[in-house]
$ cat target.cif   # mmCIF, C-alpha atoms
data_work
#
loop_
_atom_site.label_atom_id
_atom_site.label_comp_id
_atom_site.auth_asym_id
_atom_site.auth_seq_id
_atom_site.Cartn_x
_atom_site.Cartn_y
_atom_site.Cartn_z
CA MET A 167 -2.81 -56.65 -49.36
CA SER A 168 0.79 -55.51 -49.95
CA ASN A 169 2.00 -52.00 -49.18
CA GLU A 170 2.85 -51.66 -52.87
CA ALA A 171 -0.74 -52.38 -53.87
CA LEU A 172 -2.00 -49.85 -51.36
CA ALA A 173 0.49 -47.31 -52.67
CA MET A 174 -1.15 -47.50 -56.10
CA ARG A 175 -4.10 -45.74 -54.48
CA GLY A 176 -2.06 -42.53 -54.15
CA PRO A 177 -0.48 -40.73 -51.16
CA VAL A 178 -1.55 -42.27 -47.85
CA HIS A 179 -2.91 -38.97 -46.50
CA GLY A 180 -3.92 -37.67 -49.90
CA THR A 181 -2.56 -34.56 -51.58
CA LYS A 182 -2.96 -30.94 -50.55
CA ASP A 183 -5.19 -30.51 -53.60
CA ALA A 184 -7.54 -33.40 -52.78
CA LYS A 185 -10.45 -31.21 -51.76
CA ARG A 186 -10.05 -28.83 -54.71
CA VAL A 187 -9.82 -31.73 -57.14
CA ALA A 188 -12.95 -33.36 -55.67
CA VAL A 189 -14.92 -30.12 -55.92
CA GLY A 190 -13.66 -29.47 -59.45
CA SER A 191 -14.57 -32.96 -60.56
CA ALA A 192 -17.96 -32.67 -58.87
CA VAL A 193 -18.71 -29.36 -60.57
CA GLY A 194 -17.96 -30.97 -63.92
CA ALA A 195 -20.18 -33.90 -63.00
CA VAL A 196 -22.96 -31.43 -62.15
CA ILE A 197 -22.69 -29.79 -65.55
CA GLU A 198 -22.45 -32.98 -67.56
CA THR A 199 -25.37 -34.53 -65.67
CA TYR A 200 -27.42 -31.37 -66.10
CA ASP A 201 -26.81 -31.65 -69.83
CA PHE A 202 -27.27 -35.40 -70.23
CA ILE A 203 -30.12 -35.99 -67.79
CA GLY A 204 -31.90 -32.85 -68.94
CA PHE A 205 -32.26 -34.61 -72.26
CA GLY A 206 -34.04 -37.48 -70.51
CA THR A 207 -36.53 -35.12 -68.88
CA ALA A 208 -37.15 -33.35 -72.18
CA ALA A 209 -37.55 -36.71 -73.95
CA ALA A 210 -40.13 -37.84 -71.41
CA LEU A 211 -42.15 -34.61 -71.43
CA TYR A 212 -41.63 -32.71 -74.71
CA PHE A 213 -39.67 -34.35 -77.54
CA ASN A 214 -42.45 -36.68 -78.67
CA HIS A 215 -44.48 -33.59 -79.68
CA ALA A 216 -41.59 -31.40 -80.89
CA PHE A 217 -39.77 -33.96 -83.05
CA PHE A 218 -42.26 -36.80 -83.66
CA PRO A 219 -45.66 -35.07 -83.87
CA GLY A 220 -47.15 -37.31 -86.56
CA ALA A 221 -47.09 -40.41 -84.40
CA ASP A 222 -49.69 -41.59 -81.93
CA PRO A 223 -48.78 -40.92 -78.26
CA VAL A 224 -47.22 -44.34 -77.62
CA THR A 225 -45.21 -44.37 -80.86
CA GLY A 226 -44.07 -40.79 -80.23
CA THR A 227 -42.89 -41.72 -76.75
CA LEU A 228 -41.06 -44.78 -78.13
CA ALA A 229 -39.31 -42.66 -80.76
CA SER A 230 -38.37 -40.06 -78.16
CA PHE A 231 -36.93 -42.69 -75.82
CA ALA A 232 -35.09 -44.35 -78.73
CA THR A 233 -33.35 -41.01 -79.34
CA LEU A 234 -32.48 -40.91 -75.64
CA GLY A 235 -30.99 -44.39 -75.95
CA VAL A 236 -28.74 -43.40 -78.87
CA GLY A 237 -26.74 -41.17 -76.53
CA PHE A 238 -26.27 -44.03 -74.10
CA ALA A 239 -25.19 -46.33 -76.94
CA ALA A 240 -22.44 -43.83 -77.84
CA ARG A 241 -21.10 -43.73 -74.29
CA PRO A 242 -18.97 -46.92 -74.50
CA LEU A 243 -17.08 -45.46 -77.46
CA GLY A 244 -16.56 -42.27 -75.48
CA GLY A 245 -15.41 -44.39 -72.55
CA ILE A 246 -12.93 -46.26 -74.75
CA VAL A 247 -11.46 -43.06 -76.19
CA GLY A 248 -11.49 -41.22 -72.86
CA GLY A 249 -10.09 -44.22 -70.97
CA HIS A 250 -7.30 -44.70 -73.51
CA LEU A 251 -6.33 -41.03 -73.40
CA GLY A 252 -6.60 -40.99 -69.61
CA ASP A 253 -4.09 -43.84 -69.32
CA ARG A 254 -1.81 -42.46 -72.06
CA LEU A 255 -1.90 -38.67 -71.64
CA GLY A 256 -3.33 -38.17 -68.15
CA ARG A 257 -6.69 -37.73 -66.44
CA LYS A 258 -6.86 -33.92 -66.63
CA PRO A 259 -6.89 -33.43 -70.46
CA VAL A 260 -9.85 -35.78 -70.71
CA LEU A 261 -11.73 -33.81 -68.04
CA VAL A 262 -11.39 -30.52 -69.89
CA ALA A 263 -12.06 -31.83 -73.40
CA SER A 264 -15.16 -33.81 -72.45
CA LEU A 265 -16.68 -30.79 -70.73
CA ILE A 266 -16.17 -28.54 -73.77
CA ILE A 267 -17.68 -31.07 -76.18
CA MET A 268 -20.65 -31.78 -73.92
CA GLY A 269 -21.34 -28.08 -73.39
CA LEU A 270 -21.34 -27.22 -77.08
CA ALA A 271 -23.55 -30.20 -77.97
CA THR A 272 -26.08 -29.35 -75.27
CA PHE A 273 -26.25 -25.70 -76.30
CA ALA A 274 -26.84 -26.86 -79.88
CA ILE A 275 -29.89 -28.89 -78.79
CA GLY A 276 -31.51 -25.68 -77.57
CA LEU A 277 -31.13 -24.23 -81.08
CA LEU A 278 -32.48 -27.20 -83.05
CA PRO A 279 -35.44 -26.67 -85.37
CA THR A 280 -38.54 -28.77 -84.68
CA TYR A 281 -40.35 -31.16 -86.99
CA ALA A 282 -42.86 -28.42 -87.79
CA ALA A 283 -40.02 -26.25 -89.17
CA VAL A 284 -37.82 -28.66 -91.16
CA GLY A 285 -39.65 -31.98 -91.17
CA VAL A 286 -37.68 -35.22 -90.89
CA MET A 287 -34.38 -33.32 -90.68
CA ALA A 288 -35.31 -32.29 -87.11
CA PRO A 289 -35.09 -35.78 -85.52
CA VAL A 290 -31.99 -36.51 -87.63
CA LEU A 291 -30.22 -33.47 -86.16
CA LEU A 292 -31.44 -34.40 -82.69
CA VAL A 293 -29.94 -37.88 -83.00
CA ALA A 294 -26.62 -36.49 -84.32
CA VAL A 295 -26.21 -34.07 -81.43
CA ARG A 296 -27.30 -36.75 -78.97
CA ILE A 297 -24.50 -39.02 -80.21
CA ILE A 298 -21.96 -36.26 -79.57
CA GLN A 299 -23.40 -35.84 -76.07
CA GLY A 300 -23.00 -39.55 -75.45
CA LEU A 301 -19.37 -39.57 -76.58
CA ALA A 302 -18.52 -36.67 -74.26
CA PHE A 303 -20.36 -38.13 -71.27
CA GLY A 304 -18.71 -41.50 -71.84
CA ALA A 305 -15.28 -39.89 -71.56
CA GLU A 306 -16.20 -37.76 -68.54
CA TRP A 307 -16.73 -40.17 -65.66
CA GLY A 308 -13.41 -42.03 -65.76
CA GLY A 309 -11.35 -38.85 -65.66
CA ALA A 310 -13.41 -37.18 -62.95
CA ILE A 311 -13.61 -40.13 -60.59
CA LEU A 312 -9.97 -41.19 -60.98
CA MET A 313 -8.64 -37.69 -60.40
CA SER A 314 -10.55 -37.52 -57.13
CA TYR A 315 -9.79 -41.11 -56.11
CA GLU A 316 -6.05 -40.81 -56.71
CA HIS A 317 -5.74 -37.50 -54.86
CA ALA A 318 -7.80 -38.68 -51.85
CA PRO A 319 -6.49 -40.14 -48.55
CA TRP A 320 -6.58 -43.93 -48.37
CA ARG A 321 -9.08 -44.00 -45.52
CA ARG A 322 -11.49 -41.51 -47.10
CA LYS A 323 -11.63 -42.51 -50.75
CA GLY A 324 -15.29 -43.51 -50.51
CA ALA A 325 -16.24 -40.16 -48.99
CA VAL A 326 -14.15 -38.11 -51.43
CA THR A 327 -15.34 -39.93 -54.55
CA GLY A 328 -18.82 -39.70 -53.02
CA ILE A 329 -18.52 -35.92 -53.42
CA VAL A 330 -17.96 -36.40 -57.14
CA GLN A 331 -20.82 -38.89 -57.43
CA ALA A 332 -23.04 -36.43 -55.55
CA GLY A 333 -22.48 -34.05 -58.44
CA PHE A 334 -24.89 -36.16 -60.46
CA PRO A 335 -27.94 -35.56 -58.22
CA VAL A 336 -26.96 -31.88 -58.09
CA GLY A 337 -27.08 -31.83 -61.89
CA LEU A 338 -30.40 -33.66 -61.82
CA LEU A 339 -31.77 -31.13 -59.34
CA LEU A 340 -30.60 -28.14 -61.38
CA ALA A 341 -31.97 -29.57 -64.61
CA ASN A 342 -35.38 -30.24 -63.13
CA LEU A 343 -35.51 -26.88 -61.34
CA VAL A 344 -34.93 -25.18 -64.69
CA PHE A 345 -37.57 -27.39 -66.31
CA LEU A 346 -39.90 -26.59 -63.42
CA PHE A 347 -39.44 -22.90 -64.17
CA SER A 348 -39.58 -23.23 -67.95
CA VAL A 349 -42.77 -25.33 -67.93
CA HIS A 350 -44.68 -22.06 -67.71
CA LEU A 351 -43.08 -20.69 -70.89
CA GLY A 352 -45.05 -22.88 -73.28
CA ASP A 353 -43.97 -26.10 -74.99
CA GLU A 354 -41.65 -24.38 -77.49
CA TRP A 355 -39.41 -22.63 -74.95
CA ALA A 356 -40.00 -25.02 -72.05
CA TRP A 357 -37.42 -27.46 -73.40
CA ARG A 358 -35.12 -24.96 -75.15
CA ILE A 359 -34.27 -22.74 -72.17
CA PRO A 360 -32.69 -25.51 -70.03
CA PHE A 361 -30.30 -26.48 -72.83
CA LEU A 362 -29.36 -22.90 -73.73
CA ALA A 363 -28.78 -22.04 -70.06
CA SER A 364 -26.17 -24.78 -69.75
CA LEU A 365 -23.58 -22.62 -71.50
CA ALA A 366 -23.11 -20.51 -68.37
CA LEU A 367 -22.47 -23.63 -66.30
CA VAL A 368 -19.89 -24.90 -68.79
CA ILE A 369 -17.89 -21.68 -68.57
CA VAL A 370 -17.79 -21.92 -64.77
CA GLY A 371 -16.78 -25.57 -64.94
CA LEU A 372 -13.95 -24.93 -67.39
CA VAL A 373 -12.49 -22.23 -65.16
CA ILE A 374 -12.47 -24.61 -62.17
CA ARG A 375 -11.22 -27.70 -64.01
CA SER A 376 -8.38 -25.89 -65.76
CA LYS A 377 -6.79 -25.22 -62.35
CA VAL A 378 -6.77 -28.75 -60.91
CA PRO A 379 -3.43 -30.63 -60.93
CA GLU A 380 -2.81 -33.97 -62.64
CA SER A 381 -3.29 -37.25 -60.74
CA PRO A 382 -0.24 -38.21 -58.59
CA VAL A 383 -0.78 -41.88 -59.46
CA PHE A 384 -0.63 -41.16 -63.20
CA GLU A 385 2.48 -39.04 -62.69
CA ASP A 386 4.06 -41.93 -60.76
CA VAL A 387 3.20 -44.44 -63.50
CA LYS A 388 4.61 -42.04 -66.09
CA GLU A 389 7.83 -41.49 -64.08
CA ARG A 390 8.41 -45.24 -63.79
CA GLY A 391 7.92 -45.65 -67.55
CA GLU A 392 4.97 -48.00 -67.10
CA ILE A 393 2.42 -46.23 -69.31
CA ALA A 394 0.64 -48.93 -71.30
CA LYS A 395 1.05 -48.76 -75.09
CA SER A 396 -2.49 -49.98 -75.63
CA PRO A 397 -4.33 -49.79 -72.30
CA ILE A 398 -7.69 -50.88 -73.73
CA VAL A 399 -6.22 -54.06 -75.24
CA GLN A 400 -4.22 -54.78 -72.10
CA VAL A 401 -7.10 -54.33 -69.67
CA VAL A 402 -9.45 -56.44 -71.80
CA ARG A 403 -6.85 -59.20 -72.02
CA GLU A 404 -5.86 -59.18 -68.34
CA ASP A 405 -8.96 -57.92 -66.53
CA TRP A 406 -11.96 -58.92 -68.66
CA ARG A 407 -13.59 -60.64 -65.71
CA ASN A 408 -13.61 -57.44 -63.66
CA ILE A 409 -14.98 -55.56 -66.66
CA LEU A 410 -17.89 -58.01 -66.88
CA ARG A 411 -18.49 -57.79 -63.13
CA GLY A 412 -18.41 -54.01 -63.32
CA ILE A 413 -20.99 -54.05 -66.10
CA GLY A 414 -23.29 -56.14 -63.92
CA LEU A 415 -22.74 -53.84 -60.96
CA ARG A 416 -23.56 -50.79 -63.05
CA ILE A 417 -26.66 -52.24 -64.68
CA ALA A 418 -28.42 -52.39 -61.31
CA GLU A 419 -27.74 -48.70 -60.78
CA THR A 420 -28.01 -47.06 -64.18
CA ALA A 421 -30.67 -49.30 -65.77
CA GLY A 422 -32.59 -49.31 -62.48
CA TYR A 423 -32.55 -45.50 -62.64
CA ALA A 424 -33.86 -45.65 -66.19
CA VAL A 425 -36.94 -47.57 -64.95
CA SER A 426 -37.56 -45.85 -61.62
CA ILE A 427 -36.87 -42.27 -62.73
CA THR A 428 -36.64 -41.73 -66.51
CA TYR A 429 -39.49 -44.09 -67.45
CA MET A 430 -41.44 -43.44 -64.27
CA ILE A 431 -41.90 -39.72 -64.96
CA SER A 432 -43.25 -40.57 -68.41
CA TYR A 433 -45.53 -43.24 -66.90
CA ILE A 434 -46.87 -40.87 -64.23
CA ASN A 435 -47.51 -38.16 -66.80
CA SER A 436 -49.09 -40.39 -69.47
CA THR A 437 -51.41 -42.16 -67.02
CA LYS A 438 -52.48 -38.83 -65.45
CA LEU A 439 -51.35 -39.89 -61.98
CA ALA A 440 -49.78 -36.44 -61.64
CA ASP A 441 -49.23 -33.44 -63.89
CA LYS A 442 -45.88 -32.24 -65.24
CA ASN A 443 -45.46 -29.70 -62.49
CA GLN A 444 -46.02 -32.27 -59.72
CA THR A 445 -43.72 -34.78 -61.42
CA LEU A 446 -40.90 -32.25 -61.61
CA ILE A 447 -41.42 -31.27 -57.97
CA ALA A 448 -41.11 -34.92 -56.94
CA LEU A 449 -37.92 -35.24 -58.97
CA CYS A 450 -36.45 -32.11 -57.41
CA ILE A 451 -37.13 -33.39 -53.89
CA ALA A 452 -35.55 -36.76 -54.72
CA ALA A 453 -32.51 -35.07 -56.25
CA ALA A 454 -32.06 -32.80 -53.21
CA VAL A 455 -32.15 -35.81 -50.87
CA GLY A 456 -29.86 -37.68 -53.25
CA ILE A 457 -27.06 -35.13 -52.93
CA ILE A 458 -26.50 -35.93 -49.26
CA ALA A 459 -27.44 -39.59 -49.67
CA THR A 460 -24.82 -40.26 -52.34
CA TRP A 461 -22.03 -38.71 -50.29
CA LYS A 462 -23.11 -40.54 -47.13
CA TRP A 463 -23.30 -43.89 -48.94
CA GLY A 464 -19.79 -43.33 -50.27
CA ALA A 465 -18.52 -42.46 -46.78
CA LEU A 466 -20.20 -45.59 -45.39
CA THR A 467 -18.11 -47.78 -47.70
CA ASP A 468 -14.98 -46.44 -45.96
CA LYS A 469 -16.26 -47.94 -42.71
CA VAL A 470 -17.85 -51.25 -43.77
CA GLY A 471 -16.38 -51.92 -47.23
CA ARG A 472 -17.68 -51.43 -50.76
CA ARG A 473 -19.30 -54.86 -51.19
CA PRO A 474 -21.79 -54.94 -48.26
CA VAL A 475 -23.39 -51.66 -49.32
CA TYR A 476 -23.89 -53.01 -52.82
CA ILE A 477 -25.26 -56.37 -51.73
CA TRP A 478 -27.90 -54.97 -49.39
CA SER A 479 -28.96 -52.21 -51.76
CA CYS A 480 -29.39 -54.58 -54.70
CA ALA A 481 -31.32 -57.03 -52.51
CA PHE A 482 -33.68 -54.21 -51.57
CA ALA A 483 -34.13 -53.27 -55.25
CA VAL A 484 -35.15 -56.85 -56.06
CA VAL A 485 -38.12 -56.70 -53.67
CA PHE A 486 -39.00 -53.04 -54.31
CA GLY A 487 -40.01 -53.30 -57.99
CA VAL A 488 -43.69 -54.21 -57.53
CA PRO A 489 -44.32 -52.05 -54.42
CA MET A 490 -42.76 -49.10 -56.27
CA PHE A 491 -45.49 -49.16 -58.91
CA LEU A 492 -48.26 -50.03 -56.46
CA LEU A 493 -47.44 -46.91 -54.44
CA VAL A 494 -47.34 -44.68 -57.52
CA ASN A 495 -50.58 -46.16 -58.85
CA THR A 496 -52.48 -44.83 -55.83
CA GLY A 497 -52.25 -41.40 -57.46
CA MET A 498 -51.54 -39.85 -54.06
CA PHE A 499 -48.91 -37.15 -54.51
CA LEU A 500 -47.29 -37.88 -51.15
CA PHE A 501 -46.84 -41.55 -52.09
CA ILE A 502 -45.46 -40.56 -55.48
CA ILE A 503 -42.85 -38.32 -53.84
CA ALA A 504 -41.92 -40.99 -51.28
CA THR A 505 -41.57 -43.65 -53.98
CA ILE A 506 -39.31 -41.57 -56.19
CA VAL A 507 -37.20 -40.52 -53.20
CA ILE A 508 -36.73 -44.14 -52.08
CA ALA A 509 -36.01 -45.35 -55.62
CA TYR A 510 -33.41 -42.65 -56.10
CA ALA A 511 -31.81 -42.14 -52.66
CA VAL A 512 -31.66 -45.84 -51.76
CA CYS A 513 -31.72 -47.98 -54.91
CA GLN A 514 -29.60 -45.65 -57.07
CA ASN A 515 -27.54 -43.35 -54.83
CA SER A 516 -26.21 -46.17 -52.64
CA LEU A 517 -24.79 -47.95 -55.67
CA ALA A 518 -23.39 -44.77 -57.19
CA GLY A 519 -21.79 -43.88 -53.86
CA ALA A 520 -20.04 -47.25 -53.66
CA GLN A 521 -18.90 -47.25 -57.30
CA GLY A 522 -16.71 -44.18 -56.94
CA ALA A 523 -14.08 -46.04 -54.93
CA TRP A 524 -14.85 -49.67 -55.83
CA PHE A 525 -14.43 -49.42 -59.60
CA PRO A 526 -10.94 -47.81 -59.55
CA GLU A 527 -9.78 -50.39 -57.00
CA LEU A 528 -10.65 -53.28 -59.31
CA PHE A 529 -7.97 -52.30 -61.86
CA GLN A 530 -4.22 -51.70 -62.00
CA ALA A 531 -3.10 -48.07 -62.00
CA LYS A 532 -1.68 -48.19 -65.53
CA THR A 533 -4.97 -49.43 -67.06
CA ARG A 534 -7.35 -48.05 -64.43
CA SER A 535 -8.89 -45.34 -66.59
CA SER A 536 -9.61 -47.76 -69.44
CA GLY A 537 -10.90 -50.57 -67.24
CA ALA A 538 -13.15 -48.45 -65.04
CA SER A 539 -14.50 -46.49 -68.02
CA LEU A 540 -15.29 -49.64 -70.01
CA ALA A 541 -17.15 -51.28 -67.14
CA TYR A 542 -19.00 -48.07 -66.35
CA GLN A 543 -20.02 -47.09 -69.86
CA ILE A 544 -20.82 -50.40 -71.59
CA SER A 545 -23.67 -50.87 -69.14
CA ALA A 546 -25.03 -47.52 -70.31
CA MET A 547 -26.26 -49.16 -73.50
CA VAL A 548 -28.64 -51.27 -71.43
CA SER A 549 -29.88 -48.32 -69.42
CA GLY A 550 -30.15 -46.09 -72.48
CA PHE A 551 -32.72 -48.29 -74.16
CA THR A 552 -34.47 -49.33 -70.95
CA PRO A 553 -37.17 -46.61 -71.16
CA PHE A 554 -37.90 -47.85 -74.69
CA ILE A 555 -38.09 -51.46 -73.45
CA THR A 556 -40.24 -50.55 -70.46
CA THR A 557 -42.70 -48.73 -72.72
CA LEU A 558 -43.07 -51.90 -74.80
CA LEU A 559 -43.45 -53.99 -71.65
CA PHE A 560 -46.15 -51.66 -70.39
CA VAL A 561 -48.07 -52.00 -73.67
CA SER A 562 -47.93 -55.80 -73.38
CA PHE A 563 -48.17 -56.43 -69.63
CA GLY A 564 -49.21 -53.19 -67.99
CA TRP A 565 -47.20 -51.74 -65.09
CA LEU A 566 -46.14 -55.21 -63.92
CA GLY A 567 -43.73 -55.52 -66.87
CA PRO A 568 -41.60 -52.48 -65.91
CA ALA A 569 -41.84 -53.43 -62.22
CA LEU A 570 -40.39 -56.90 -62.81
CA LEU A 571 -37.71 -55.47 -65.09
CA PHE A 572 -36.58 -53.19 -62.25
CA SER A 573 -36.35 -56.21 -59.94
CA LEU A 574 -34.41 -58.12 -62.60
CA TYR A 575 -31.83 -55.34 -62.81
CA GLY A 576 -31.48 -55.46 -59.03
CA ALA A 577 -30.90 -59.22 -59.23
CA ILE A 578 -28.17 -58.73 -61.85
CA GLY A 579 -26.44 -56.23 -59.56
CA LEU A 580 -26.77 -58.60 -56.60
CA TRP A 581 -25.18 -61.45 -58.54
CA ALA A 582 -22.34 -59.17 -59.69
CA ALA A 583 -21.71 -57.90 -56.15
CA LEU A 584 -21.51 -61.46 -54.82
CA ALA A 585 -19.09 -62.37 -57.63
CA THR A 586 -16.81 -59.34 -57.18
CA ARG A 587 -13.98 -59.24 -54.65
CA GLU A 588 -14.00 -56.80 -51.77
CA THR A 589 -11.27 -54.19 -52.26
CA TRP A 590 -11.66 -52.41 -48.91
CA GLY A 591 -12.33 -55.20 -46.44
CA ARG A 592 -11.14 -55.47 -42.86
CA ARG A 593 -7.62 -56.51 -43.91
CA GLU A 594 -7.18 -53.49 -46.19
CA ARG A 595 -8.68 -51.09 -43.66
CA GLU A 596 -6.38 -52.35 -40.87
CA ALA A 597 -3.30 -52.12 -43.11
CA ALA A 598 -4.23 -48.59 -44.16
CA GLU A 599 -4.83 -47.62 -40.54
CA ARG A 600 -1.41 -48.93 -39.52
CA ILE A 601 0.47 -47.27 -42.37
CA SER A 602 -1.42 -44.00 -41.88
CA ALA A 603 -0.39 -43.96 -38.21
CA GLU A 604 3.24 -44.57 -39.16
CA THR A 605 3.29 -41.88 -41.87
CA PRO A 606 3.53 -38.21 -40.85
CA GLU A 607 0.43 -36.33 -41.90
CA PRO A 608 1.05 -33.09 -43.84
CA ALA A 609 -0.50 -30.01 -42.24
CA ASN A 610 -2.48 -29.20 -45.38
CA SER A 611 -3.84 -32.70 -46.09
CA LEU A 612 -7.56 -33.34 -46.46
#
$ encode --input "target.cif" --output "structure tokens"
Amino acid sequence: MSNEALAMRGPVHGTKDAKRVAVGSAVGAVIETYDFIGFGTAAALYFNHAFFPGADPVTGTLASFATLGVGFAARPLGGIVGGHLGDRLGRKPVLVASLIIMGLATFAIGLLPTYAAVGVMAPVLLVAVRIIQGLAFGAEWGGAILMSYEHAPWRRKGAVTGIVQAGFPVGLLLANLVFLFSVHLGDEWAWRIPFLASLALVIVGLVIRSKVPESPVFEDVKERGEIAKSPIVQVVREDWRNILRGIGLRIAETAGYAVSITYMISYINSTKLADKNQTLIALCIAAAVGIIATWKWGALTDKVGRRPVYIWSCAFAVVFGVPMFLLVNTGMFLFIIATIVIAYAVCQNSLAGAQGAWFPELFQAKTRSSGASLAYQISAMVSGFTPFITTLLFVSFGWLGPALLFSLYGAIGLWAALATRETWGRREREAAERISAETPEPANSL
């Protein structure tokens, strides 16, 4: 790899703001995940009764999960808009705007009337607000991860972006802790309180994000006059293969999560393998483990490369689908906890940890925001409707249907990893090591 190509990763030792940017991006990721994933928990446990009470249990669950999927379907559009603006105006404006929109939409969910109050207008309003959530979340990831990636030192980009990716399990943990508390408030307030409480988190996040500086790589592209006129068109024309590979890589992670976590908590609850309280406890434990796991997986990619982590993790997911359900079906709470922890900390967190550095490295700096966002968010449509699909599979084939679907997603990720080039192999690591040794390290670098 040429020195010029390495230079497009940002300053060799990172910037003096690298740590602050990573923390600021992670805090935003916490908030947006709290908001977006909290919807998934509410959909699995409460929305079928609050917004679709006239349906039988299975139909109500399907309708609830379909509403969940609408938000995921909106994410590619948010990724397109956010990616375009990130390449044209900068990463920071996208970070701030997406957080404001997400926060207001989530707060609005907590105020929505139920079906009992306004009839069919209730699910209509729920879908509308969910679409706004999806647009905001779609714009969020590209800005957050690129800001951290482009401020980070060359040799620690996996670890630094791993901090941002670890914000997602923190958000998952916070959301489920609030749901664990609110479950005792009765069905009406049990799902409202978590959404209303998010407003406080948004205010904190805005204060932090407003103080982070713009990406040095974007500033360099802007200074050289290389800002793309239409970054979306350019990246699709020049890098469509990497976009397709990125979609495959993401499906293993995000759609696998939709089976092993989002659908699984509904499955455990509906089959009486555990009660709501136990299910939320298991999720909280998995999320707590996932915080450290995600960061460690990201740091591991700095040492061995991005590709090996992905290949081995996807291979494990392929063989784990059936055992995952067999363990849960025992009804033993300890096995349920262990299964959810493994599914999350290994099958999902390892892939998320690797994506933080791998996805930006697949695209040129001037179209990086658009390319990474497209690859990341298009796959969300698959994951968004996966709980709906798994519910249908369960009706037709029992638990084996969802189990095999999980393995299929792992196989898609494995194929994509094998087809995608390594961006931080031995050659790149040795070149970075040499250049880092030759370049004076600022006293205040990360």
$ resolve_selection --input "target.cif" --expression "the PyMOL selection byres ((chain A and resi 519) around 7)" --output "list in words"
Gly328, Gln331, Thr460, Trp461, Trp463, Gly464, Asn515, Ser516, Leu517, Ala518, Ala520, Gln521 and Gly522 of chain A
$ atom_distance --input "target.cif" --atom1 "CA of Ile359 in chain A" --atom2 "CA of Val344 in chain A"
7.9 Å
$ closest_residue --input "target.cif" --among "A:Leu340, A:Val387, A:Ile393, A:Val378" --to "Ile197 in chain A" --atoms "all atoms listed in the file"
A:Leu340
$ resolve_selection --input "target.cif" --expression "the PyMOL selection byres ((chain A and resi 401-410) around 9)" --output "list of chain:residue names"
A:Ser396, A:Pro397, A:Ile398, A:Val399, A:Gln400, A:Arg411, A:Gly412, A:Ile413, A:Gly414, A:Leu415, A:Leu528, A:Phe529, A:Gln530, A:Thr533, A:Arg534, A:Ser536, A:Gly537, A:Ala538, A:Leu540, A:Ala541, A:Tyr542, A:Ala582, A:Thr586
$ closest_residue --input "target.cif" --among "A:Ala310, A:Ala577, A:Ala318, A:Val484" --to "Asp183 in chain A" --atoms "only C-alpha atoms"
A:Ala318
$ residues_around --input "target.cif" --residues "range 553-569 of chain A" --least-positions-apart "3" --cutoff "7 Å" --atoms "only C-alpha atoms" --output "list of chain:residue names"
A:Leu228, A:Phe231, A:Ala232, A:Ala424, A:Val425, A:Thr428, A:Tyr429, A:Gly487, A:Val488, A:Phe491, A:Phe572, A:Ser573
$ atom_distance --input "target.cif" --atom1 "CA of Asp468 in chain A" --atom2 "CA of Ala332 in chain A"
16.0 Å
$ atom_distance --input "target.cif" --atom1 "CA of Cys450 in chain A" --atom2 "CA of Val336 in chain A"
9.5 Å
$ axis_aligned_box --input "target.cif" --around "range 508-514 of chain A" --padding-each-side "5 Å" --output "lines of an AutoDock Vina configuration file"
center_x = -33.2
center_y = -45.1
center_z = -54.4
size_x = 17.1
size_y = 15.8
size_z = 15.3
$ residues_around --input "target.cif" --residues "range 364-375 of chain A" --least-positions-apart "4" --cutoff "6 Å" --atoms "all atoms listed in the file" --output "PyMOL selection string"
chain A and resi 190+194+269
$ closest_residue --input "target.cif" --among "A:Val196, A:Leu492, A:Ala597, A:Ala583" --to "Gly333 in chain A" --atoms "all atoms listed in the file"
A:Val196
$ closest_residue --input "target.cif" --among "A:Trp590, A:Phe486, A:Phe273, A:Tyr510" --to "Arg322 in chain A" --atoms "all atoms listed in the file"
A:Trp590
$ closest_residue --input "target.cif" --among "A:Met287, A:Ile578, A:Ile297, A:Val187" --to "Ser545 in chain A" --atoms "only C-alpha atoms"
A:Ile578
$ closest_residue --input "target.cif" --among "A:Val262, A:Ile451, A:Leu584, A:Met498" --to "Leu339 in chain A" --atoms "only C-alpha atoms"
A:Ile451
$ resolve_selection --input "target.cif" --expression "the PyMOL selection byres ((chain A and resi 242-257) around 9)" --output "number ranges by chain"
A: 238-241, 258-261, 264, 300-310, 312-313, 380-381, 384-385, 388, 393-398, 531-547
$ residues_around --input "target.cif" --residues "Thr496 in chain A" --least-positions-apart "5" --cutoff "12 Å" --atoms "only C-alpha atoms" --output "count of residues only"
12
